[in-house]
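Participant: Handing over protein-v2.cif, mmCIF, C-alpha atoms and all ligand atoms.
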data_target
loop_
_atom_site.label_atom_id
_atom_site.label_comp_id
_atom_site.auth_asym_id
_atom_site.auth_seq_id
_atom_site.Cartn_x
_atom_site.Cartn_y
_atom_site.Cartn_z
CA MET A 1 -17.03 -36.50 -2.35
CA ASN A 2 -17.19 -35.65 -6.02
CA ARG A 3 -15.96 -32.34 -7.39
CA ARG A 4 -19.39 -30.75 -7.37
CA GLU A 5 -20.04 -31.73 -3.76
CA PHE A 6 -16.59 -30.51 -2.83
CA LEU A 7 -17.24 -27.14 -4.42
CA ILE A 8 -20.60 -26.80 -2.66
CA ARG A 9 -19.04 -27.73 0.69
CA SER A 10 -16.13 -25.35 0.16
CA SER A 11 -18.48 -22.51 -0.62
CA MET A 12 -20.51 -23.37 2.50
CA ILE A 13 -17.34 -23.14 4.57
CA THR A 14 -16.38 -19.78 3.14
CA THR A 15 -19.87 -18.41 3.66
CA GLY A 16 -19.75 -19.73 7.21
CA ALA A 17 -22.57 -22.28 6.94
CA LEU A 18 -20.49 -24.92 8.70
CA MET A 19 -18.84 -22.62 11.24
CA PRO A 20 -20.09 -22.03 14.79
CA ARG A 21 -21.89 -18.71 14.87
CA LYS A 22 -19.45 -17.05 17.28
CA ILE A 23 -16.45 -17.82 15.06
CA VAL A 24 -18.33 -16.62 11.99
CA LYS A 25 -19.05 -13.33 13.76
CA LEU A 26 -15.40 -12.86 14.75
CA PHE A 27 -14.30 -13.76 11.23
CA GLN A 28 -16.68 -11.26 9.68
CA GLU A 29 -16.00 -8.47 12.12
CA SER A 30 -12.21 -8.32 12.28
CA PRO A 31 -10.98 -5.48 10.09
CA PHE A 32 -7.56 -7.25 9.97
CA ARG A 33 -7.56 -9.58 6.98
CA PRO A 34 -4.55 -11.85 6.43
CA VAL A 35 -3.64 -12.23 2.77
CA ARG A 36 -0.50 -14.35 2.36
CA GLY A 37 2.61 -14.94 4.47
CA ASP A 38 2.92 -12.12 7.00
CA VAL A 39 1.05 -9.61 4.86
CA GLY A 40 -2.57 -8.53 5.11
CA TYR A 41 -4.87 -5.55 4.92
CA PHE A 42 -7.07 -3.53 7.22
CA LEU A 43 -10.44 -2.05 6.35
CA GLY A 44 -11.56 1.09 8.14
CA ARG A 45 -12.55 4.32 6.48
CA GLY A 46 -10.66 5.50 3.39
CA GLY A 47 -7.99 3.77 1.33
CA THR A 48 -7.14 0.19 2.25
CA ILE A 49 -4.26 -0.11 4.77
CA GLY A 50 -1.75 -2.86 3.95
CA TRP A 51 0.49 -4.40 6.62
CA LEU A 52 3.50 -6.64 7.10
CA SER A 53 3.74 -8.04 10.61
CA ASN A 54 6.23 -10.59 11.97
CA THR A 55 8.74 -10.87 14.81
CA ASP A 56 11.40 -8.77 13.07
CA ALA A 57 9.48 -6.32 10.90
CA LEU A 58 6.36 -4.19 11.12
CA VAL A 59 5.22 -2.04 8.21
CA ALA A 60 1.97 -0.27 7.31
CA VAL A 61 0.96 0.99 3.88
CA ASP A 62 -1.23 4.12 4.10
CA SER A 63 -2.93 5.59 7.16
CA GLN A 64 -6.57 6.40 6.22
CA TYR A 65 -8.02 9.02 8.62
CA PRO A 66 -7.15 9.77 12.27
CA GLN A 67 -9.92 7.68 13.82
CA SER A 68 -9.41 4.55 11.74
CA ALA A 69 -5.61 4.98 12.06
CA GLN A 70 -6.07 4.83 15.85
CA ALA A 71 -8.18 1.67 15.49
CA PHE A 72 -5.53 0.15 13.23
CA ILE A 73 -2.66 1.02 15.60
CA SER A 74 -4.39 -0.27 18.74
CA GLY A 75 -5.37 -3.50 16.94
CA MET A 76 -1.85 -3.92 15.60
CA LYS A 77 -0.31 -3.36 19.05
CA GLU A 78 -2.33 -6.34 20.29
CA ARG A 79 -0.91 -8.45 17.47
CA ASN A 80 2.69 -7.27 17.48
CA THR A 81 4.62 -5.56 20.29
CA ARG A 82 7.33 -4.10 18.02
CA THR A 83 7.39 -0.43 17.23
CA MET A 84 6.63 0.06 13.57
CA ASP A 85 9.61 0.22 11.22
CA TYR A 86 7.89 2.08 8.39
CA LEU A 87 4.65 3.69 7.42
CA ILE A 88 4.67 3.93 3.62
CA ASN A 89 2.30 6.32 1.83
CA THR A 90 1.24 5.15 -1.66
CA HIS A 91 0.38 8.80 -2.55
CA HIS A 92 -0.62 12.09 -0.94
CA HIS A 93 -4.44 11.94 -0.84
CA GLY A 94 -6.14 12.63 2.48
CA ASP A 95 -7.83 9.22 2.69
CA HIS A 96 -4.33 7.64 2.58
CA THR A 97 -2.29 10.16 4.62
CA GLY A 98 -4.92 11.71 6.92
CA GLY A 99 -3.96 9.31 9.73
CA ASN A 100 -0.17 9.88 9.39
CA LYS A 101 -0.04 12.04 12.51
CA GLU A 102 -1.31 9.14 14.63
CA PHE A 103 1.77 7.12 13.60
CA LEU A 104 4.27 9.67 14.94
CA GLY A 105 6.06 8.04 17.88
CA TYR A 106 4.84 4.61 16.72
CA ALA A 107 6.43 4.34 13.27
CA ASP A 108 10.18 5.06 13.08
CA HIS A 109 9.82 6.51 9.58
CA ILE A 110 7.23 7.65 7.09
CA LEU A 111 8.33 6.89 3.53
CA ALA A 112 6.87 8.15 0.25
CA HIS A 113 7.87 9.08 -3.29
CA GLU A 114 9.79 12.37 -3.42
CA ASN A 115 6.83 14.27 -4.94
CA VAL A 116 4.41 13.33 -2.14
CA PRO A 117 5.25 15.89 0.59
CA GLY A 118 4.88 18.81 -1.86
CA LEU A 119 1.59 17.53 -3.31
CA GLN A 120 0.29 16.76 0.19
CA LYS A 121 1.15 20.25 1.42
CA ALA A 122 -0.48 21.93 -1.58
CA ALA A 123 -3.65 19.83 -1.20
CA ALA A 124 -3.83 20.59 2.55
CA GLU A 125 -3.36 24.33 1.94
CA ASN A 126 -6.27 24.19 -0.50
CA ARG A 127 -8.48 22.81 2.26
CA GLY A 128 -7.50 25.37 4.89
CA PRO A 129 -5.51 25.90 8.10
CA GLU A 130 -7.13 23.09 10.10
CA THR A 131 -6.13 20.50 7.49
CA VAL A 132 -2.64 22.01 7.25
CA ALA A 133 -2.21 21.61 11.03
CA ASN A 134 -3.20 17.93 10.88
CA GLN A 135 -0.59 16.82 8.36
CA ALA A 136 2.43 14.63 9.05
CA TYR A 137 4.85 14.29 6.15
CA ALA A 138 7.27 11.63 4.99
CA ASP A 139 10.70 12.04 6.63
CA GLU A 140 12.23 9.72 4.04
CA THR A 141 11.60 9.90 0.27
CA TYR A 142 12.85 8.03 -2.78
CA THR A 143 13.00 8.39 -6.57
CA GLY A 144 12.43 5.51 -8.98
CA LYS A 145 12.89 2.52 -6.73
CA TRP A 146 13.52 1.81 -3.04
CA SER A 147 14.26 -1.60 -1.55
CA ASN A 148 14.97 -2.76 1.98
CA ASP A 149 15.47 -6.08 3.77
CA MET A 150 13.00 -6.11 6.62
CA GLY A 151 13.70 -9.23 8.67
CA SER A 152 12.73 -12.20 6.53
CA GLU A 153 10.85 -10.00 4.03
CA LYS A 154 12.16 -7.79 1.24
CA VAL A 155 10.12 -4.66 0.64
CA HIS A 156 10.24 -2.73 -2.64
CA CYS A 157 8.69 0.62 -3.50
CA MET A 158 8.35 1.40 -7.20
CA ASN A 159 7.39 4.60 -8.98
CA TYR A 160 6.88 4.36 -12.74
CA GLY A 161 6.07 8.02 -13.28
CA PRO A 162 2.71 9.80 -12.89
CA GLY A 163 -0.60 7.93 -12.92
CA HIS A 164 -3.37 8.49 -10.40
CA THR A 165 -1.21 11.36 -9.04
CA GLY A 166 2.30 12.66 -9.61
CA GLY A 167 3.71 10.60 -6.72
CA ASP A 168 2.33 7.05 -6.81
CA THR A 169 4.08 4.10 -5.21
CA VAL A 170 3.54 0.39 -5.78
CA VAL A 171 4.63 -1.40 -2.58
CA TYR A 172 5.77 -4.98 -3.20
CA PHE A 173 6.39 -7.53 -0.45
CA GLU A 174 8.60 -9.93 -2.38
CA LYS A 175 8.57 -13.01 -0.16
CA ALA A 176 4.82 -12.91 0.47
CA ASN A 177 4.41 -11.97 -3.21
CA VAL A 178 1.79 -9.34 -2.39
CA ALA A 179 1.68 -5.82 -3.89
CA HIS A 180 -0.28 -2.79 -2.65
CA MET A 181 -1.32 -0.63 -5.61
CA GLY A 182 -2.72 2.35 -3.68
CA ASP A 183 -5.22 4.18 -5.90
CA LEU A 184 -3.59 3.11 -9.15
CA VAL A 185 -6.42 0.60 -8.98
CA PHE A 186 -9.94 1.54 -7.99
CA ASN A 187 -11.05 -2.02 -8.55
CA ARG A 188 -13.88 -2.23 -11.12
CA VAL A 189 -15.26 1.27 -10.44
CA TYR A 190 -14.65 4.72 -11.95
CA PRO A 191 -11.39 6.06 -10.51
CA PHE A 192 -10.51 9.50 -9.20
CA ILE A 193 -8.21 11.10 -11.79
CA ASP A 194 -6.46 13.89 -9.90
CA ARG A 195 -5.51 16.28 -12.66
CA ASN A 196 -4.41 19.00 -10.21
CA GLY A 197 -2.39 16.39 -8.33
CA LYS A 198 -0.40 15.75 -11.58
CA ALA A 199 -2.31 12.69 -12.80
CA ASP A 200 -1.35 11.33 -16.23
CA ILE A 201 -3.82 8.89 -17.79
CA ALA A 202 -1.59 7.99 -20.75
CA ASN A 203 1.25 6.99 -18.42
CA TRP A 204 -1.12 5.42 -15.88
CA ILE A 205 -2.03 2.80 -18.52
CA LYS A 206 1.69 1.98 -18.91
CA VAL A 207 2.27 1.89 -15.13
CA LEU A 208 -0.37 -0.83 -14.72
CA ARG A 209 0.96 -2.90 -17.63
CA THR A 210 4.57 -2.57 -16.44
CA THR A 211 3.61 -3.63 -12.92
CA ALA A 212 1.66 -6.64 -14.21
CA ASP A 213 4.63 -7.60 -16.42
CA GLU A 214 7.35 -7.11 -13.80
CA LEU A 215 5.72 -8.89 -10.88
CA GLU A 216 4.86 -12.57 -10.72
CA SER A 217 1.88 -14.06 -12.54
CA ASP A 218 0.44 -15.17 -9.18
CA THR A 219 1.14 -11.96 -7.26
CA ILE A 220 -1.80 -10.96 -5.06
CA TYR A 221 -2.70 -7.28 -5.41
CA LEU A 222 -4.33 -4.95 -2.89
CA PHE A 223 -6.27 -1.91 -4.07
CA GLY A 224 -7.01 1.45 -2.45
CA HIS A 225 -10.72 1.11 -3.21
CA GLY A 226 -12.99 -1.42 -4.85
CA ASN A 227 -16.43 -2.31 -6.04
CA PRO A 228 -17.85 -4.40 -3.12
CA GLU A 229 -18.68 -7.18 -5.55
CA PHE A 230 -14.98 -7.50 -6.49
CA GLY A 231 -13.29 -6.30 -3.30
CA VAL A 232 -9.91 -4.69 -2.63
CA GLN A 233 -7.86 -7.85 -3.17
CA GLY A 234 -7.28 -9.29 -6.61
CA SER A 235 -4.95 -10.47 -9.31
CA LYS A 236 -3.06 -9.37 -12.41
CA GLU A 237 -6.37 -9.56 -14.34
CA ASP A 238 -7.74 -6.67 -12.28
CA LEU A 239 -4.71 -4.51 -13.22
CA ILE A 240 -5.19 -5.34 -16.90
CA ARG A 241 -8.91 -4.60 -16.61
CA LYS A 242 -8.17 -1.16 -15.11
CA SER A 243 -5.61 -0.33 -17.78
CA ASP A 244 -8.03 -1.54 -20.50
CA TYR A 245 -10.67 0.77 -19.02
CA LEU A 246 -8.31 3.76 -19.02
CA GLU A 247 -7.28 2.95 -22.57
CA ALA A 248 -10.93 2.74 -23.70
CA LEU A 249 -11.70 6.01 -21.88
CA PHE A 250 -8.81 7.75 -23.61
CA ALA A 251 -9.67 6.31 -27.04
CA TYR A 252 -13.35 7.27 -26.73
CA THR A 253 -12.48 10.82 -25.67
CA GLN A 254 -9.85 11.23 -28.40
CA LYS A 255 -12.32 10.01 -31.04
CA SER A 256 -14.99 12.43 -29.76
CA VAL A 257 -12.50 15.31 -29.88
CA ASN A 258 -11.46 14.33 -33.42
CA GLU A 259 -15.12 14.33 -34.49
CA GLY A 260 -15.53 17.85 -33.14
CA ARG A 261 -17.94 16.99 -30.33
CA SER A 262 -18.15 19.21 -27.27
CA LEU A 263 -17.28 17.99 -23.76
CA GLU A 264 -20.99 18.13 -22.87
CA GLU A 265 -21.91 15.97 -25.85
CA MET A 266 -19.23 13.36 -25.25
CA SER A 267 -20.18 13.18 -21.54
CA GLU A 268 -23.71 12.09 -22.29
CA ILE A 269 -22.98 8.36 -22.53
CA ARG A 270 -24.10 6.15 -19.63
CA GLN A 271 -21.16 3.73 -19.74
CA LEU A 272 -18.22 2.70 -21.85
CA LYS A 273 -19.06 -0.32 -23.96
CA SER A 274 -18.00 -3.59 -22.25
CA PHE A 275 -17.17 -1.86 -18.93
CA GLU A 276 -20.60 -2.31 -17.38
CA GLU A 277 -19.35 -3.39 -13.96
CA PHE A 278 -17.69 0.03 -13.43
CA ASN A 279 -21.17 1.57 -13.24
CA LEU A 280 -21.67 0.95 -9.53
CA GLU A 281 -24.91 2.34 -8.12
CA GLY A 282 -24.22 5.04 -5.51
CA TRP A 283 -20.48 5.36 -6.34
CA SER A 284 -19.39 8.98 -5.91
CA LEU A 285 -17.14 9.17 -8.99
CA SER A 286 -18.73 9.33 -12.42
CA LEU A 287 -17.80 8.39 -15.95
CA ALA A 288 -18.43 12.05 -16.89
CA SER A 289 -15.70 13.18 -14.43
CA ASN A 290 -13.31 10.64 -16.03
CA ILE A 291 -14.17 11.89 -19.54
CA GLN A 292 -13.55 15.46 -18.43
CA ALA A 293 -10.09 14.54 -17.08
CA ALA A 294 -9.25 12.71 -20.32
CA TYR A 295 -10.56 15.64 -22.38
CA LEU A 296 -8.36 18.14 -20.54
CA GLU A 297 -5.31 15.88 -20.80
CA ILE A 298 -5.87 15.49 -24.56
CA THR A 299 -6.60 19.15 -25.28
CA GLU A 300 -4.32 20.90 -22.75
CA GLY A 301 -1.74 18.27 -21.72
CA THR A 302 -1.01 17.24 -18.14
CA VAL A 303 -0.64 19.80 -15.35
CA LYS A 304 3.04 20.57 -14.80
ZN ZN B 1 -6.15 8.68 -4.18
#
Transcribe the structure of this file into structure tokens.
Facilitator:
Amino acid sequence: MNRREFLIRSSMITTGALMPRKIVKLFQESPFRPVRGDVGYFLGRGGTIGWLSNTDALVAVDSQYPQSAQAFISGMKERNTRTMDYLINTHHHGDHTGGNKEFLGYADHILAHENVPGLQKAAAENRGPETVANQAYADETYTGKWSNDMGSEKVHCMNYGPGHTGGDTVVYFEKANVAHMGDLVFNRVYPFIDRNGKADIANWIKVLRTTADELESDTIYLFGHGNPEFGVQGSKEDLIRKSDYLEALFAYTQKSVNEGRSLEEMSEIRQLKSFEEFNLEGWSLSLASNIQAAYLEITEGTVK
């Protein structure tokens, strides 16, 4: 088989052309996707759940919403009979912590950056009493960096200051060499910049570059959300692309401010030059909302 034939055959295998139909269906339908080593991710509704599952450790990263958290937990119980050692929240947003309550009694601990419980409480109070009643908060928090040997795996949580929110965590599974970025990366789409949740675009750019520098060149990254064409699993290049986008957003907005243009005027552009793929049809977050966040950060500073 020459290289071209090999590539065609390989692509046929991955698209399922050579697989029996039943196996293809199972493969396509399982929301549990192995990534590398004992680490994988789960797709339900909301931010991507990451997991580490082996005979001596069980960890989840983020909890989505109650219903998909239940689906995750029941599927995981079929795969691993351990109780869960940790649920780690990458940040406080409802599509990452809304299922926390379902993990009580299943996960021994919920871990998050020290700013998360406060931000989560404030966001829930904004939404009303029903949301407040449905929260479950981290019982263990950390500042800066947290590391723990979990069976054969070593798990690290890193906070490099504010970015997407004021309490973001990068979760790194060292042996598997897989990192969950939470919403620090909305892969190749316009991100949510949560100004009221203490976002900081200028530092966010640094967080992504520091992460890409500190981890391995072949680290596999998982993202909270992604453009379907690119997915929620990627590489260092995707982190650089996101930080380049944020940098271009900030530079464009700063230049517009310097030239005395109003927010309305600077928001009229359709896309940032050379970031065409971020313009996903039907995506709920707009470039205009990103420009507004950058404008407020430049003119008023970050929210303290
Ligand atoms: Zn988020």
Participant: If we count only C-alpha atoms and set the cut-off at 8 Å, which residues sit around Ala202 in chain A, ignoring sequence neighbours fewer than 4 positions away in its own chain? Please answer as an MDAnalysis selection string.
Facilitator: chainID A and resid 163 206 247 250
Participant: Just want the residues within 8 Å of ligand ZN 1 (chain B), written as JSON, numbers by chain, counting only C-alpha atoms and all ligand atoms.
Facilitator: {"A": [47, 91, 92, 93, 94, 95, 96, 164, 165, 182, 183, 184, 192, 194, 224]}
Participant: Show which residues sit within 12 Å of Gly46 in chain A, as an MDAnalysis selection string. Count all atoms listed in the file, and ignore same-chain residues fewer than 2 positions away.
Facilitator: chainID A and resid 42:44 48:49 62:69 93:99 182:183 223:226 232
Participant: Using all atoms listed in the file, pick whichever of A:Tyr106, A:Phe230, A:Trp146, A:Val189 has the shortest atom-to-atom distance to Glu276 in chain A.
Facilitator: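 Among the listed residues, the smallest separation from Glu276 in chain A belongs to A:Val189.
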Participant: Between A:Pro191, A:Gly260, A:Pro117, A:Gly301, which is the closest to Ser286 in chain A once you count only C-alpha atoms?
Facilitator: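 Of all the options, A:Pro191 lies closest to Ser286 in chain A.
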Participant: Tell me, in Å to one decimal, how far CA of Glu268 in chain A is from CA of Ile291 in chain A.
Facilitator: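 Computed distance, CA of Glu268 in chain A to CA of Ile291 in chain A, equals 9.9 Å.
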Participant: Between A:Lys242, A:Arg45, A:His156, A:Lys175, which has the minimum distance to Leu111 in chain A (counting all atoms listed in the file)?
Facilitator: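 Closest to Leu111 in chain A of all the choices is A:His156.
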Participant: In Å, how far is it from CA of Ile201 in chain A to CA of Ser267 in chain A?
Facilitator: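 Calculated distance between CA of Ile201 in chain A and CA of Ser267 in chain A is 17.3 Å.
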Participant: Take CA of Asp218 in chain A and CA of Ile110 in chain A and report the distance between them in Å, one decimal.
Facilitator: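 Value for the CA of Asp218 in chain A-CA of Ile110 in chain A distance: 28.8 Å.
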Participant: Please identify all polymer residues within 8 Å of Phe173 in chain A, counting all atoms listed in the file, omitting same-chain residues fewer than 2 positions from it, and present them as a list of chain:residue names.
Facilitator: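 After dropping sequence-adjacent residues, the list is A:Val39, A:Glu153, A:Lys154, A:Val155, A:His156, A:Val171, A:Lys175, A:Ala176, A:Asn177, A:Val178, A:Ala179.
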Participant: (3.0, -5.3, 16.9) in this file's frame - what residues fall within 12 Å of it? Use all atoms listed in the file and give the answer as JSON, numbers by chain.
Facilitator: {"A": [51, 52, 53, 54, 55, 56, 57, 58, 59, 60, 72, 73, 74, 75, 76, 77, 78, 79, 80, 81, 82, 83, 84, 85, 106, 107]}
Participant: With distances taken over only C-alpha atoms, which residue among A:Tyr160, A:Lys101, A:Val185, A:Ile269 lies nearest Thr131 in chain A?
Facilitator: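 So, comparing all the options, the nearest one is A:Lys101.
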Participant: My list of candidates is A:Trp283, A:Phe32, A:Tyr86, A:Tyr295. Which is closest to Tyr190 in chain A when distances are computed with only C-alpha atoms?
Facilitator: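 Between A:Trp283, A:Phe32, A:Tyr86, A:Tyr295, the residue approaching Tyr190 in chain A most closely is A:Trp283.
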Participant: Near Tyr142 in chain A, counting all atoms listed in the file, which residues have an atom at most 8 Å away, once you skip same-chain residues fewer than 5 positions from it, shown as a PyMOL selection string?
Facilitator: chain A and resi 111-114
Participant: So, with all atoms listed in the file as the atoms that count, which of A:Gln70, A:Gln233, A:Glu174, A:Glu102 lies closest to Met150 in chain A?
Facilitator: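 Distance minimum relative to Met150 in chain A lands on A:Glu174.
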Participant: Considering only C-alpha atoms, return as an mmCIF file with C-alpha atoms, in the coordinates of the input whatever protein or nucleic-acid residues lie within 12 Å of Leu239 in chain A, sequence-local ones (same chain, fewer than 5 positions apart) excluded.
Facilitator:
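Heads up, here's the output in selection37.cif:
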data_model
loop_
_atom_site.group_PDB
_atom_site.id
_atom_site.type_symbol
_atom_site.label_atom_id
_atom_site.label_comp_id
_atom_site.auth_asym_id
_atom_site.auth_seq_id
_atom_site.Cartn_x
_atom_site.Cartn_y
_atom_site.Cartn_z
ATOM 1 C CA ALA A 179 1.680 -5.820 -3.890
ATOM 2 C CA HIS A 180 -0.280 -2.790 -2.650
ATOM 3 C CA MET A 181 -1.320 -0.630 -5.610
ATOM 4 C CA GLY A 182 -2.720 2.350 -3.680
ATOM 5 C CA ASP A 183 -5.220 4.180 -5.900
ATOM 6 C CA LEU A 184 -3.590 3.110 -9.150
ATOM 7 C CA VAL A 185 -6.420 0.600 -8.980
ATOM 8 C CA PHE A 186 -9.940 1.540 -7.990
ATOM 9 C CA ASN A 187 -11.050 -2.020 -8.550
ATOM 10 C CA ARG A 188 -13.880 -2.230 -11.120
ATOM 11 C CA TRP A 204 -1.120 5.420 -15.880
ATOM 12 C CA ILE A 205 -2.030 2.800 -18.520
ATOM 13 C CA LYS A 206 1.690 1.980 -18.910
ATOM 14 C CA VAL A 207 2.270 1.890 -15.130
ATOM 15 C CA LEU A 208 -0.370 -0.830 -14.720
ATOM 16 C CA ARG A 209 0.960 -2.900 -17.630
ATOM 17 C CA THR A 210 4.570 -2.570 -16.440
ATOM 18 C CA THR A 211 3.610 -3.630 -12.920
ATOM 19 C CA ALA A 212 1.660 -6.640 -14.210
ATOM 20 C CA ASP A 213 4.630 -7.600 -16.420
ATOM 21 C CA LEU A 215 5.720 -8.890 -10.880
ATOM 22 C CA SER A 217 1.880 -14.060 -12.540
ATOM 23 C CA THR A 219 1.140 -11.960 -7.260
ATOM 24 C CA ILE A 220 -1.800 -10.960 -5.060
ATOM 25 C CA TYR A 221 -2.700 -7.280 -5.410
ATOM 26 C CA LEU A 222 -4.330 -4.950 -2.890
ATOM 27 C CA PHE A 223 -6.270 -1.910 -4.070
ATOM 28 C CA VAL A 232 -9.910 -4.690 -2.630
ATOM 29 C CA GLN A 233 -7.860 -7.850 -3.170
ATOM 30 C CA GLY A 234 -7.280 -9.290 -6.610
ATOM 31 C CA ASP A 244 -8.030 -1.540 -20.500
ATOM 32 C CA TYR A 245 -10.670 0.770 -19.020
ATOM 33 C CA LEU A 246 -8.310 3.760 -19.020
#
